[in-house]
Structures are given as C-alpha cells and as structure tokens.
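Data file: upload19.txt. Format and content: compact mmCIF, C-alpha atoms.
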# COMPACT_ATOMS: atom_id res chain seq x y z
CA MET X 1 7.80 -12.49 35.57
CA PRO X 2 9.52 -10.76 32.64
CA LYS X 3 9.01 -7.04 32.18
CA ARG X 4 6.90 -5.94 29.25
CA LYS X 5 8.91 -4.43 26.47
CA LYS X 6 7.80 -0.89 25.82
CA VAL X 7 7.14 -0.14 22.18
CA THR X 8 8.84 3.14 21.46
CA GLU X 9 8.46 3.30 17.70
CA LYS X 10 5.77 2.37 15.22
CA VAL X 11 6.72 -0.47 12.88
CA ILE X 12 5.25 -0.90 9.41
CA TYR X 13 5.76 -3.71 6.93
CA ARG X 14 6.59 -4.24 3.28
CA MET X 15 6.53 -7.37 1.15
CA ASP X 16 9.17 -7.52 -1.57
CA PHE X 17 10.67 -10.10 -3.90
CA ARG X 18 14.17 -8.64 -3.75
CA PRO X 19 16.53 -10.46 -1.41
CA PRO X 20 17.81 -9.07 1.90
CA ALA X 21 21.31 -8.52 0.48
CA THR X 22 19.82 -5.93 -1.90
CA ILE X 23 17.27 -4.31 0.42
CA LEU X 24 19.53 -4.10 3.45
CA GLN X 25 22.17 -2.40 1.30
CA ASP X 26 19.98 -0.11 -0.85
CA GLY X 27 16.76 0.33 1.15
CA PHE X 28 13.49 1.15 -0.60
CA ALA X 29 13.79 3.95 -3.17
CA GLY X 30 10.25 3.95 -4.53
CA THR X 31 8.15 2.68 -7.37
CA ASN X 32 9.01 2.63 -11.05
CA ASN X 33 5.34 2.24 -12.00
CA GLU X 34 2.73 4.91 -12.57
CA TRP X 35 -0.37 4.30 -10.43
CA MET X 36 -3.24 6.55 -9.44
CA ASN X 37 -1.90 6.56 -5.87
CA THR X 38 1.79 7.32 -6.46
CA VAL X 39 1.36 10.47 -4.38
CA TYR X 40 5.12 10.89 -3.89
CA GLY X 41 5.97 10.15 -7.53
CA THR X 42 8.84 7.73 -8.05
CA SER X 43 9.66 8.07 -4.33
CA THR X 44 6.39 6.35 -3.38
CA VAL X 45 6.92 3.20 -1.30
CA PHE X 46 3.85 1.04 -0.60
CA CYS X 47 3.68 -0.60 2.83
CA ALA X 48 1.13 -2.03 5.28
CA ARG X 49 0.21 -1.03 8.83
CA THR X 50 0.35 -4.63 10.08
CA LEU X 51 1.45 -8.16 9.22
CA ARG X 52 -2.20 -8.97 8.58
CA GLY X 53 -2.20 -6.34 5.84
CA ILE X 54 0.95 -7.86 4.34
CA SER X 55 -0.59 -11.34 4.34
CA ARG X 56 -3.62 -10.00 2.50
CA PHE X 57 -1.44 -8.18 -0.01
CA PHE X 58 0.42 -11.46 -0.54
CA LEU X 59 -2.90 -13.18 -1.30
CA GLU X 60 -3.86 -10.48 -3.79
CA SER X 61 -0.57 -9.89 -5.55
CA ALA X 62 1.45 -13.09 -5.41
CA LEU X 63 -1.42 -15.60 -5.33
CA ASN X 64 -4.02 -13.53 -7.27
CA MET X 65 -6.73 -14.22 -4.70
CA GLY X 66 -9.17 -11.75 -3.21
CA ALA X 67 -8.49 -10.99 0.45
CA SER X 68 -12.07 -9.95 1.18
CA GLY X 69 -13.27 -13.48 1.87
CA ILE X 70 -15.08 -16.43 0.31
CA ASP X 71 -17.89 -15.85 -2.19
CA ALA X 72 -21.36 -17.44 -2.19
CA ALA X 73 -20.05 -20.44 -4.14
CA GLY X 74 -17.50 -21.15 -1.41
CA LYS X 75 -14.54 -19.98 -3.50
CA ARG X 76 -12.07 -17.19 -2.97
CA PRO X 77 -12.54 -14.61 -5.75
CA VAL X 78 -9.75 -13.39 -8.01
CA GLY X 79 -7.72 -10.58 -6.49
CA PRO X 80 -8.49 -6.98 -7.42
CA LEU X 81 -4.94 -6.43 -8.68
CA ASN X 82 -4.96 -9.24 -11.22
CA SER X 83 -5.26 -7.07 -14.33
CA SER X 84 -2.17 -4.97 -13.66
CA MET X 85 0.18 -7.05 -11.52
CA GLY X 86 2.12 -8.33 -14.53
CA SER X 87 3.62 -4.88 -14.85
CA VAL X 88 4.79 -5.04 -11.24
CA TYR X 89 5.94 -8.65 -11.04
CA PRO X 90 6.86 -9.79 -14.57
CA THR X 91 8.10 -13.18 -13.34
CA THR X 92 7.00 -15.39 -10.50
CA PRO X 93 9.48 -15.01 -7.66
CA GLU X 94 11.13 -17.96 -5.96
CA LYS X 95 10.96 -16.34 -2.53
CA VAL X 96 8.98 -13.56 -0.93
CA TYR X 97 10.46 -11.44 1.84
CA VAL X 98 8.67 -9.45 4.50
CA TYR X 99 10.54 -6.48 5.92
CA SER X 100 9.75 -4.43 9.01
CA ILE X 101 10.43 -0.71 8.88
CA ARG X 102 10.85 1.72 11.77
CA ALA X 103 8.39 4.43 10.76
CA LYS X 104 9.22 7.26 13.16
CA GLY X 105 9.91 10.39 11.13
CA LEU X 106 8.67 8.98 7.82
CA GLU X 107 5.99 10.88 5.94
CA TYR X 108 3.10 8.66 4.91
CA ILE X 109 -0.58 8.56 4.08
CA ASP X 110 -2.80 5.94 5.67
CA VAL X 111 -5.13 5.16 2.75
CA GLU X 112 -8.09 4.22 4.94
CA GLU X 113 -7.84 7.44 6.96
CA ASP X 114 -7.29 9.52 3.82
CA LEU X 115 -10.19 8.17 1.77
CA ASP X 116 -12.79 7.08 4.30
CA THR X 117 -15.45 9.61 5.20
CA LYS X 118 -17.93 9.95 7.98
CA ILE X 119 -19.95 12.44 5.93
CA PRO X 120 -23.30 11.03 4.72
CA GLY X 121 -23.66 11.17 0.93
CA CYS X 122 -19.93 11.50 0.22
CA ALA X 123 -18.27 8.67 -1.65
CA ILE X 124 -14.89 9.52 -0.15
CA ASN X 125 -13.32 12.14 2.07
CA PRO X 126 -13.55 15.44 0.15
CA ASN X 127 -10.20 16.47 1.72
CA SER X 128 -8.41 13.34 0.50
CA LYS X 129 -4.74 13.86 -0.36
CA ILE X 130 -4.99 11.04 -2.90
CA LEU X 131 -7.97 12.66 -4.69
CA SER X 132 -6.17 16.03 -4.65
CA TYR X 133 -3.06 14.39 -6.11
CA ILE X 134 -5.06 12.83 -8.95
CA GLU X 135 -6.83 16.10 -9.71
CA GLU X 136 -3.56 18.09 -9.70
CA LYS X 137 -1.93 15.51 -11.96
CA LYS X 138 -4.85 15.53 -14.41
CA ASN X 139 -4.91 19.35 -14.47
CA ALA X 140 -1.13 19.50 -15.01
CA ASN X 141 -1.57 17.16 -17.98
CA GLY X 142 -4.13 19.50 -19.54
CA VAL X 143 -7.32 17.66 -18.59
CA ILE X 144 -10.19 20.13 -18.56
CA GLY X 145 -13.21 19.45 -16.35
CA PHE X 146 -11.86 16.98 -13.80
CA ASP X 147 -14.54 14.30 -13.30
CA GLU X 148 -14.65 14.24 -9.51
CA GLU X 149 -17.62 11.86 -9.35
CA TYR X 150 -15.81 9.27 -11.49
CA TRP X 151 -12.66 9.47 -9.33
CA GLU X 152 -14.61 9.37 -6.07
CA THR X 153 -16.28 6.15 -7.26
CA LYS X 154 -12.96 4.68 -8.43
CA LEU X 155 -11.25 5.57 -5.14
CA ARG X 156 -14.16 4.11 -3.09
CA ILE X 157 -13.72 0.82 -4.98
CA TYR X 158 -9.94 0.96 -4.38
CA LEU X 159 -10.57 1.56 -0.67
CA ASN X 160 -13.19 -1.19 -0.24
CA LYS X 161 -11.75 -3.88 -2.49
CA CYS X 162 -8.08 -3.43 -1.73
CA ALA X 163 -6.71 -0.83 0.70
CA LEU X 164 -8.96 -1.73 3.66
CA HIS X 165 -7.82 -5.35 3.48
CA THR X 166 -4.14 -4.68 2.80
CA GLU X 167 -4.02 -1.85 5.37
CA GLU X 168 -2.12 0.19 2.82
CA LEU X 169 0.22 3.02 3.68
CA ILE X 170 1.69 5.26 0.99
CA VAL X 171 5.14 6.19 2.29
CA LYS X 172 7.44 8.92 1.03
CA GLY X 173 10.75 7.32 0.19
CA PRO X 174 13.49 6.70 0.00
CA ILE X 175 13.60 4.52 3.09
CA GLU X 176 17.18 4.06 4.18
CA PRO X 177 18.52 0.58 5.04
CA ALA X 178 19.14 1.49 8.71
CA ARG X 179 15.34 1.54 9.24
CA ILE X 180 14.77 -1.89 7.67
CA THR X 181 14.93 -5.39 9.15
CA LEU X 182 14.17 -8.70 7.45
CA TYR X 183 11.13 -10.00 9.29
CA GLN X 184 10.39 -13.25 7.45
CA THR X 185 11.07 -15.24 4.27
CA LEU X 186 8.06 -16.92 2.68

Here is a file; write its structure as structure tokens.
Amino acid sequence: MPKRKKVTEKVIYRMDFRPPATILQDGFAGTNNEWMNTVYGTSTVFCARTLRGISRFFLESALNMGASGIDAAGKRPVGPLNSSMGSVYPTTPEKVYVYSIRAKGLEYIDVEEDLDTKIPGCAINPNSKILSYIEEKKNANGVIGFDEEYWETKLRIYLNKCALHTEELIVKGPIEPARITLYQTL
C-alpha cells in the first residue's frame, strides 16, 4: 500500500487568461483595476482557496452565470460580476488557465473570514480589514461622513453573492514565478 503524501504547504488557486509562458516567467504582479476590495492596491492578486472556488469564479466571470445555483424557473441566473467584467476581460479568451500557488509566507485575506460575523445584528464583521480599507480610502479622498451602513450592506451582498461561492482570497502580490505551477488548461 502506498504511503500517504504529507501536505506540507497550503496551495491556493488562480484562474487567468494569460498563457503559462507569461505567468511562469513573470508571476502575478497584481491588478490594474480599481475595485472596492483591492486592499493591497495594484499589488492585489485575487485567488481562491480551492479548485471548487475557481470553477465557480469561471462560471461567474468567463461564462457570466451565477454560481449560487438554479433559480425557481430552473435556470442559472446571470453572474454577479456581469456589469463590470468587460473592464477586466475586454475580449473573450481562447483558453483559460488554472494555476496553483504555494501560499506559505504570502500575506492574504480570506474574504469569508474577514467579512462574516457571528455577532447578531451586525451585517458584517465590524473588525473587517476590507471595510477598514474602504473607509480609509474614502477618508483619504476627502469623503466626510463615511456611510458605514451602506458599505456593510454592499459588503454583505459581495460576501453572499460572490465571495462565499468563489472562496475568494485577496493576496498581497507580487507572487513570484517559483511559487506557481500550471494546474490545468480549460
């Protein structure tokens, strides 16, 4: 009987449309888009805890289908990212690549852990790093009277309609090529 292989390092996953020749040479630097959850600025790299999360992100982003299930009419609803994905993926890719990343030593925020709360009556975790980031950013831009209730509601929707299904991790990049392996081509 073969010995069980001991897992010594956590692996996370990222879906990307750039080919392995590019990623395995350059790694993942970060995003060039401004989102409410770009906690690490342009060094923010979005990943998933598991392959299941990646498959759900694929449904939502590449196929524009909701990952939360079938509606009452027996149809899969439109994905929650449909209104803004054109700014991320301006053209339909020919291939989609899934990369595995050795996560040991990387700084990241698990969105579910960060936003979810066990406190009755709270929309989200009052100690959320994502909420704090948004508030700091708004204050730095001169916004007076940060509307916490609005952002708590918006972040609860983000958590329930997207991040729970995609098992989103917000990783501080850059992620060097030595940590990255091509897992699968779709």

| request: Scan for residues within 8 Å of the point (-11.5, 8.9, 0.3) in the coordinates of the file, using only C-alpha atoms, and reply as a ChimeraX atom specification. | output: /X:111-117,123-128,130-131,152,155-156,159

File dump, residues just selected, C-alpha atoms, as a PDB file, in the frame of the given file:
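Output file again_7.pdb follows:
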ATOM      1  CA  VAL X 111      -5.130   5.160   2.750  1.00  0.00           C
ATOM      2  CA  GLU X 112      -8.090   4.220   4.940  1.00  0.00           C
ATOM      3  CA  GLU X 113      -7.840   7.440   6.960  1.00  0.00           C
ATOM      4  CA  ASP X 114      -7.290   9.520   3.820  1.00  0.00           C
ATOM      5  CA  LEU X 115     -10.190   8.170   1.770  1.00  0.00           C
ATOM      6  CA  ASP X 116     -12.790   7.080   4.300  1.00  0.00           C
ATOM      7  CA  THR X 117     -15.450   9.610   5.200  1.00  0.00           C
ATOM      8  CA  ALA X 123     -18.270   8.670  -1.650  1.00  0.00           C
ATOM      9  CA  ILE X 124     -14.890   9.520  -0.150  1.00  0.00           C
ATOM     10  CA  ASN X 125     -13.320  12.140   2.070  1.00  0.00           C
ATOM     11  CA  PRO X 126     -13.550  15.440   0.150  1.00  0.00           C
ATOM     12  CA  ASN X 127     -10.200  16.470   1.720  1.00  0.00           C
ATOM     13  CA  SER X 128      -8.410  13.340   0.500  1.00  0.00           C
ATOM     14  CA  ILE X 130      -4.990  11.040  -2.900  1.00  0.00           C
ATOM     15  CA  LEU X 131      -7.970  12.660  -4.690  1.00  0.00           C
ATOM     16  CA  GLU X 152     -14.610   9.370  -6.070  1.00  0.00           C
ATOM     17  CA  LEU X 155     -11.250   5.570  -5.140  1.00  0.00           C
ATOM     18  CA  ARG X 156     -14.160   4.110  -3.090  1.00  0.00           C
ATOM     19  CA  LEU X 159     -10.570   1.560  -0.670  1.00  0.00           C
TER      20      LEU X 159
END

| request: Would you mind telling me which residue in X:Asp16, X:Glu94, X:Asp147, X:Glu136 lies nearest to Phe46 of chain X when using all atoms listed in the file? | output: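 Once distances to Phe46 of chain X are computed over all atoms listed in the file, the minimum belongs to X:Asp16.
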
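Among the candidates X:Leu106, X:Val45, X:Leu169, X:Leu182, the one nearest to Ala21 of chain X when counting only C-alpha atoms is X:Leu182.
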
| query | Looking at only C-alpha atoms, which of X:Ser100, X:Asn160, X:Thr50, X:Asn64 is the one that sits closest to Gly27 of chain X? | reply |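 Looking at the shortest contact to Gly27 of chain X, the residue is X:Ser100.
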
| field | Å distance separating atom CA of Tyr150 of chain X from atom CA of Cys162 of chain X, one decimal place | value |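 Interatomic distance here is 17.8 Å.
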
| Between atom CA of Ala178 of chain X and atom CA of Met15 of chain X - distance in Å to one decimal |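 Calculated distance between atom CA of Met15 of chain X and atom CA of Ala178 of chain X is 17.2 Å.
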
| field | Atomic distance atom CA of Glu168 of chain X - atom CA of Lys75 of chain X, expressed in Å with one decimal | value | 24.5 Å

| said: List the spatial neighbours of segment 37-42 of chain X as a list in words - criterion: any atom at most 8 Å away, only C-alpha atoms, same-chain residues fewer than 4 positions off excluded. | reply: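 Here the qualifying residues turn out to be Ala29, Gly30, Thr31, Asn32, Asn33, Ile130, Tyr133, Ile134, Ile170, Val171, Lys172 and Gly173 of chain X.
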
| note | One residue among X:Ile175, X:Thr185, X:Gly145, X:Ala103 is nearest to Phe28 of chain X when using all atoms listed in the file, and that residue is X:Ile175

| said: Which residue is closest to Ile109 of chain X? Choose from X:Leu24, X:Ile180, X:Ala72, X:Ala163 and count only C-alpha atoms. | reply: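 Residue with the minimum atom-to-atom distance to Ile109 of chain X: X:Ala163.
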
| query | Which one of X:Tyr108, X:Phe57, X:Tyr158, X:Tyr183 sits closest to Pro19 of chain X if you count only C-alpha atoms? | reply |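 Between X:Tyr108, X:Phe57, X:Tyr158, X:Tyr183, the residue approaching Pro19 of chain X most closely is X:Tyr183.
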